[in-house]
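Worksheet: one structure, shown below.
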Amino acid sequence: MAEDLDTFRAETRTWLEENCPPEMRTPPKSEKDATWGGRNPEYQHPDQKLWLDRMAARGWTVPDWPKAYGGGGLSPAETKILREELKRIKARNPLNSFGISMLGPALLKYGTEEQKLEHLPKIARGEIRWCQGYSEPNAGSDLAGLQTSAEDKGDHFLVNGQKVWTSYADKADWIFCLVRSDKTVKQAGISFLLFDMASPGVSTKPILLISGNSPFCETFFDNVEVPKGNLLGTLNRGWDVAKYLLGHEREMISGFGLGGAGKDPLVEAARAGVDPILRAQIALFQVRAKAFAAMSEKFIDELKAGQAHPAQPSMMKYYGTELNKTRHELQMAAGGSDALEWDSEASHEGAAARGWLRTKANSIEGGTSEIQLNIIAKRILDLPS
Ligand SMILES: Cc1cc2nc3c(=O)[nH]c(=O)nc-3n(C[C@H](O)[C@H](O)[C@H](O)COP(=O)(O)OP(=O)(O)OC[C@H]3O[C@@H](n4cnc5c(N)ncnc54)[C@H](O)[C@@H]3O)c2cc1C
């Protein structure tokens, strides 16, 4: 068994050396360098497409999904080795995808065979880009208060209402969406629908942020017809699917705390010589980051083995996002006034400041820190609510 894994590691290392293009081993310069795929893909560099296609052909964009659904069919131990080998060569993520990190696990657990075969391979190959239609103007932390309605019209649902903060809704091809299918009850009146953003009656309006970017939108549904076959899970039991998916979303966001591929700018700054107080702060941060990485690995192993506590993603999300905020604050401190500049070359055209401002959202997206602390207090510490 151990020998099989050694062979797998050696073969993986050789394949990655031969197939990961050089540009994909350099750190992304900005958010634009991320590969999202979809019907209208945007690539800053041709190697992005090459890397995505090569990884997808092996099923390695989703290494632990079954081969029948476009995955690599790898065991947990093999998946871990692949992750380590990718990290070793500082490879970029071949595909950023809400389909992979959020919808995929929910489809695997709640989807019919037909739904899995229809959607999972397209997610794995990056052909369809998904967005998440959860939040509404009066339903954020109190998500079950949502009002977007789905009326039963026989062979289809008629969807009307509004979502907000829908990340990349204007670029997405399909949406996974929470709707109210029964107005008389709260959690037990919610259903989970999948539909094409090109359906008549769907429109989006981007919202501009303090970082100067506009990654998310208001999304409107005006008499959108959604076929009954696009219901995921049971009618009025969408809340179960929604919560399961949120666990995976929180796990994904906690990963922000692990930092990105490539050289660590904080270690570089400490080596280059910063003042002793900042140096001590960087050292303390590095110790915490290493402890978090070890804990995260243990958590992912437990999750894959079905042994994780259901509230564990809240712990990881809370701590991981706090760490990511600290990382960017220290980077700004190390960068001095250059880092603050918006347009200069020294500031990488504002990348440092934009990155720092973006982290402000980490403790809001996917459920705020206050809500995670409530969950931890109730479900892990058993404190009274
Ligand atoms: C970058 C980003 C991307 C996002 N992407 C998406 C997306 O793609 N799709 C989507 O559906 N949504 C998305 N969201 C929305 C996100 O899920 C919500 O913003 C989040 O759930 C908080 O809801 P709210 O903004 O309505 O805040 P509110 O619920 O109004 O909360 C306001 C404040 O009150 C606090 N609060 C509320 N209730 C309690 C309580 N019971 N106890 C203690 N404190 C409380 C909150 O912690 C917060 O500080 C995104 C948000 C961000 C920032």
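How things are named: the first chain in the structure tokens is A, the next is B, and so on; residues count from 1 in each chain; ligands count from 1 in the order shown.
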
Need the shell around Ala139 in chain A: protein/DNA/RNA residues with any atom at most 10 Å away, counting only C-alpha atoms. Skip same-chain ones fewer than 6 positions apart. Format as a PyMOL selection string? chain A and resi 145-147+163-164

Next, write the just-selected residues to a file, as an mmCIF file, in the first residue's frame, keeping N, CA, C and O atoms as the atom set.
```cif
data_model
loop_
_atom_site.group_PDB
_atom_site.id
_atom_site.type_symbol
_atom_site.label_atom_id
_atom_site.label_comp_id
_atom_site.auth_asym_id
_atom_site.auth_seq_id
_atom_site.Cartn_x
_atom_site.Cartn_y
_atom_site.Cartn_z
ATOM 1 N N GLY A 145 -35.241 33.692 5.996
ATOM 2 C CA GLY A 145 -36.288 34.709 5.795
ATOM 3 C C GLY A 145 -36.486 35.039 4.309
ATOM 4 O O GLY A 145 -37.231 35.964 3.979
ATOM 5 N N LEU A 146 -35.861 34.308 3.431
ATOM 6 C CA LEU A 146 -35.900 34.674 1.998
ATOM 7 C C LEU A 146 -37.311 34.613 1.420
ATOM 8 O O LEU A 146 -38.147 33.806 1.853
ATOM 9 N N GLN A 147 -37.543 35.490 0.423
ATOM 10 C CA GLN A 147 -38.899 35.645 -0.128
ATOM 11 C C GLN A 147 -39.015 35.370 -1.621
ATOM 12 O O GLN A 147 -40.129 35.354 -2.144
ATOM 13 N N LYS A 163 -32.284 38.668 -5.617
ATOM 14 C CA LYS A 163 -31.133 38.271 -4.803
ATOM 15 C C LYS A 163 -30.156 39.437 -4.744
ATOM 16 O O LYS A 163 -30.207 40.348 -5.580
ATOM 17 N N VAL A 164 -29.215 39.397 -3.764
ATOM 18 C CA VAL A 164 -28.214 40.463 -3.688
ATOM 19 C C VAL A 164 -26.861 39.850 -3.316
ATOM 20 O O VAL A 164 -26.829 38.729 -2.793
#
```

Might you pull out every residue within 9 Å of Gly366 in chain A, with only C-alpha atoms counted and same-chain residues fewer than 5 positions away left off, and present them as a PyMOL selection string? chain A and resi 246+249-250+253+317

Atom pair CA of Tyr319 in chain A + CA of Ser135 in chain A, distance 22.9 Å

Test item: residues no farther than 7 Å from ligand 1, counting only C-alpha atoms and all ligand atoms, as a ChimeraX atom specification: /A:131-135,137-142,163-167,216,361-362,364-371,374

Export C-alpha atoms of the chosen residues as a PDB file, in the first residue's frame?
```
ATOM      1  CA  CYS A 131     -23.140  31.522  -9.117  1.00  0.00           C
ATOM      2  CA  GLN A 132     -24.864  31.322  -5.746  1.00  0.00           C
ATOM      3  CA  GLY A 133     -28.349  32.817  -5.278  1.00  0.00           C
ATOM      4  CA  TYR A 134     -28.774  32.741  -1.507  1.00  0.00           C
ATOM      5  CA  SER A 135     -28.799  36.283  -0.004  1.00  0.00           C
ATOM      6  CA  PRO A 137     -32.063  42.367   0.682  1.00  0.00           C
ATOM      7  CA  ASN A 138     -33.782  41.195   3.888  1.00  0.00           C
ATOM      8  CA  ALA A 139     -32.292  37.731   4.159  1.00  0.00           C
ATOM      9  CA  GLY A 140     -28.543  37.612   4.856  1.00  0.00           C
ATOM     10  CA  SER A 141     -27.697  36.207   8.286  1.00  0.00           C
ATOM     11  CA  ASP A 142     -31.392  35.360   8.659  1.00  0.00           C
ATOM     12  CA  LYS A 163     -31.133  38.271  -4.803  1.00  0.00           C
ATOM     13  CA  VAL A 164     -28.214  40.463  -3.688  1.00  0.00           C
ATOM     14  CA  TRP A 165     -24.421  40.112  -3.379  1.00  0.00           C
ATOM     15  CA  THR A 166     -24.507  37.390  -6.054  1.00  0.00           C
ATOM     16  CA  SER A 167     -20.781  37.029  -6.788  1.00  0.00           C
ATOM     17  CA  PHE A 216     -20.949  40.997  -7.400  1.00  0.00           C
ATOM     18  CA  ALA A 361     -15.246  41.049   3.130  1.00  0.00           C
ATOM     19  CA  ASN A 362     -13.791  37.723   4.340  1.00  0.00           C
ATOM     20  CA  ILE A 364     -18.861  38.707   6.011  1.00  0.00           C
ATOM     21  CA  GLU A 365     -19.075  36.403   2.954  1.00  0.00           C
ATOM     22  CA  GLY A 366     -20.356  32.875   3.531  1.00  0.00           C
ATOM     23  CA  GLY A 367     -21.835  33.945   6.881  1.00  0.00           C
ATOM     24  CA  THR A 368     -20.425  36.653   9.169  1.00  0.00           C
ATOM     25  CA  SER A 369     -17.945  36.066  11.989  1.00  0.00           C
ATOM     26  CA  GLU A 370     -20.636  36.876  14.571  1.00  0.00           C
ATOM     27  CA  ILE A 371     -22.845  34.131  13.134  1.00  0.00           C
ATOM     28  CA  ASN A 374     -22.893  31.928  17.610  1.00  0.00           C
TER      29      ASN A 374
END
```

Counting only C-alpha atoms, figure out which residue out of A:Asn96, A:Ser75, A:Gln372, A:Asn40 gets nearest to Leu52 in chain A.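 For Leu52 in chain A, the nearest of the candidates is A:Asn96.
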
Got a sec: who's within 9 Å of Gly229 in chain A, counting only C-alpha atoms, leaving out chain neighbours fewer than 5 positions off, as a list in words? Gln115, Asp155 and His156 of chain A

Check the smallest atom-to-atom distance from each of A:Trp342, A:Phe8, A:Trp356, A:Tyr318 to Ala77 in chain A using only C-alpha atoms, then report the winner. A:Phe8

Hey, which of A:Ala333, A:Leu120, A:Val185, A:Ile89 ends up closest to Glu18 in chain A? Count only C-alpha atoms.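 That would be A:Ile89, the residue with the smallest distance to Glu18 in chain A.
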
7 Å contact set for Arg39 in chain A, only C-alpha atoms, chain neighbours under 5 positions out, as an MDAnalysis selection string: chainID A and resid 127:128 173

Nearby residues (only C-alpha atoms) at most 9 Å from Met316 in chain A, same-chain spacing under 4 positions excluded, as a PyMOL selection string: chain A and resi 250-251+253-255+292+295-296+299+312+320-321

Could you please take those selected residues and save N, CA, C and O atoms as a PDB file, in the first residue's frame?
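See out_36.pdb below for the written result:
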```
ATOM      1  N   ARG A 250     -17.917  27.334   3.657  1.00  0.00           N
ATOM      2  CA  ARG A 250     -17.110  27.848   4.775  1.00  0.00           C
ATOM      3  C   ARG A 250     -15.736  27.178   4.804  1.00  0.00           C
ATOM      4  O   ARG A 250     -14.731  27.825   5.108  1.00  0.00           O
ATOM      5  N   GLU A 251     -15.712  25.895   4.462  1.00  0.00           N
ATOM      6  CA  GLU A 251     -14.424  25.203   4.387  1.00  0.00           C
ATOM      7  C   GLU A 251     -13.555  25.867   3.311  1.00  0.00           C
ATOM      8  O   GLU A 251     -12.373  26.128   3.529  1.00  0.00           O
ATOM      9  N   ILE A 253     -13.755  28.977   2.136  1.00  0.00           N
ATOM     10  CA  ILE A 253     -13.322  30.320   2.532  1.00  0.00           C
ATOM     11  C   ILE A 253     -12.236  30.241   3.610  1.00  0.00           C
ATOM     12  O   ILE A 253     -11.313  31.063   3.623  1.00  0.00           O
ATOM     13  N   SER A 254     -12.316  29.235   4.490  1.00  0.00           N
ATOM     14  CA  SER A 254     -11.286  29.107   5.527  1.00  0.00           C
ATOM     15  C   SER A 254      -9.910  28.954   4.877  1.00  0.00           C
ATOM     16  O   SER A 254      -8.905  29.368   5.431  1.00  0.00           O
ATOM     17  N   GLY A 255      -9.893  28.372   3.659  1.00  0.00           N
ATOM     18  CA  GLY A 255      -8.634  28.173   2.940  1.00  0.00           C
ATOM     19  C   GLY A 255      -7.940  29.479   2.570  1.00  0.00           C
ATOM     20  O   GLY A 255      -6.740  29.484   2.287  1.00  0.00           O
ATOM     21  N   PHE A 292      -2.492  26.709  11.915  1.00  0.00           N
ATOM     22  CA  PHE A 292      -3.768  26.662  11.211  1.00  0.00           C
ATOM     23  C   PHE A 292      -3.706  25.670  10.042  1.00  0.00           C
ATOM     24  O   PHE A 292      -4.642  24.897   9.808  1.00  0.00           O
ATOM     25  N   MET A 295      -3.971  22.208  11.395  1.00  0.00           N
ATOM     26  CA  MET A 295      -5.330  21.934  11.855  1.00  0.00           C
ATOM     27  C   MET A 295      -6.263  21.744  10.653  1.00  0.00           C
ATOM     28  O   MET A 295      -7.140  20.876  10.657  1.00  0.00           O
ATOM     29  N   SER A 296      -6.048  22.559   9.631  1.00  0.00           N
ATOM     30  CA  SER A 296      -6.884  22.494   8.441  1.00  0.00           C
ATOM     31  C   SER A 296      -6.728  21.131   7.765  1.00  0.00           C
ATOM     32  O   SER A 296      -7.703  20.519   7.322  1.00  0.00           O
ATOM     33  N   PHE A 299      -8.592  18.630   9.696  1.00  0.00           N
ATOM     34  CA  PHE A 299     -10.028  18.806   9.501  1.00  0.00           C
ATOM     35  C   PHE A 299     -10.479  18.216   8.164  1.00  0.00           C
ATOM     36  O   PHE A 299     -11.490  17.523   8.083  1.00  0.00           O
ATOM     37  N   GLN A 312     -17.635  22.301  12.628  1.00  0.00           N
ATOM     38  CA  GLN A 312     -16.202  22.550  12.432  1.00  0.00           C
ATOM     39  C   GLN A 312     -15.912  23.567  11.319  1.00  0.00           C
ATOM     40  O   GLN A 312     -15.019  24.402  11.472  1.00  0.00           O
ATOM     41  N   GLY A 320      -9.638  31.127   9.867  1.00  0.00           N
ATOM     42  CA  GLY A 320      -8.965  31.314   8.578  1.00  0.00           C
ATOM     43  C   GLY A 320      -9.135  32.725   8.035  1.00  0.00           C
ATOM     44  O   GLY A 320      -8.189  33.316   7.498  1.00  0.00           O
ATOM     45  N   THR A 321     -10.328  33.291   8.201  1.00  0.00           N
ATOM     46  CA  THR A 321     -10.538  34.633   7.653  1.00  0.00           C
ATOM     47  C   THR A 321      -9.843  35.695   8.524  1.00  0.00           C
ATOM     48  O   THR A 321      -9.340  36.687   8.000  1.00  0.00           O
TER      49      THR A 321
END
```

When DSSP works through the backbone of this structure, what residues of range 32-245 of chain A end up as alpha helix (DSSP H), shown as a PyMOL selection string? chain A and resi 46-57+76-88+98+104-110+113-124+238-245

Would you mind writing down, as a ChimeraX atom specification, each residue of range 154-250 of chain A that DSSP on the backbone assigns to strand (DSSP E or B)? /A:156-167,174-180,190-196,202-207,216-227,231-232,237

Find the residues around Leu117 in chain A up to 10 Å (only C-alpha atoms counted), leave out those fewer than 6 positions away in its own chain, and share them as a PyMOL selection string. chain A and resi 68-70+107+111

Write the residues of the selection above to a file with N, CA, C and O atoms, as a PDB file, in the first residue's frame.
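This went into out.pdb:
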```
ATOM      1  N   ALA A  68     -16.755   8.722 -13.346  1.00  0.00           N
ATOM      2  CA  ALA A  68     -17.984   8.822 -14.155  1.00  0.00           C
ATOM      3  C   ALA A  68     -18.503  10.259 -14.201  1.00  0.00           C
ATOM      4  O   ALA A  68     -19.245  10.625 -15.110  1.00  0.00           O
ATOM      5  N   TYR A  69     -18.126  11.080 -13.226  1.00  0.00           N
ATOM      6  CA  TYR A  69     -18.613  12.471 -13.184  1.00  0.00           C
ATOM      7  C   TYR A  69     -17.502  13.474 -13.534  1.00  0.00           C
ATOM      8  O   TYR A  69     -17.560  14.647 -13.151  1.00  0.00           O
ATOM      9  N   GLY A  70     -16.465  12.979 -14.209  1.00  0.00           N
ATOM     10  CA  GLY A  70     -15.407  13.904 -14.646  1.00  0.00           C
ATOM     11  C   GLY A  70     -14.273  14.041 -13.651  1.00  0.00           C
ATOM     12  O   GLY A  70     -13.358  14.854 -13.849  1.00  0.00           O
ATOM     13  N   LEU A 107     -24.494  18.319  -5.116  1.00  0.00           N
ATOM     14  CA  LEU A 107     -25.020  17.455  -6.181  1.00  0.00           C
ATOM     15  C   LEU A 107     -24.670  16.000  -5.912  1.00  0.00           C
ATOM     16  O   LEU A 107     -25.495  15.097  -6.097  1.00  0.00           O
ATOM     17  N   GLY A 111     -28.152  14.941  -5.526  1.00  0.00           N
ATOM     18  CA  GLY A 111     -28.599  14.917  -6.923  1.00  0.00           C
ATOM     19  C   GLY A 111     -29.096  13.549  -7.371  1.00  0.00           C
ATOM     20  O   GLY A 111     -28.683  12.511  -6.844  1.00  0.00           O
TER      21      GLY A 111
END
```

Out of A:Arg83, A:His45, A:Arg58, A:Lys32, which residue has the shortest atom-to-atom distance to Asn213 in chain A when counting only C-alpha atoms?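 The closest residue to Asn213 in chain A is A:Lys32.
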
Give me the residues near Arg54 in chain A as number ranges by chain, where near means some atom within 10 Å (using only C-alpha atoms) and where sequence neighbours in that chain fewer than 2 positions away do not count. A: 16, 19-20, 49-52, 56-61, 94, 125

What is the CA of Phe221 in chain A to CA of Asn160 in chain A distance in Å? 4.9 Å
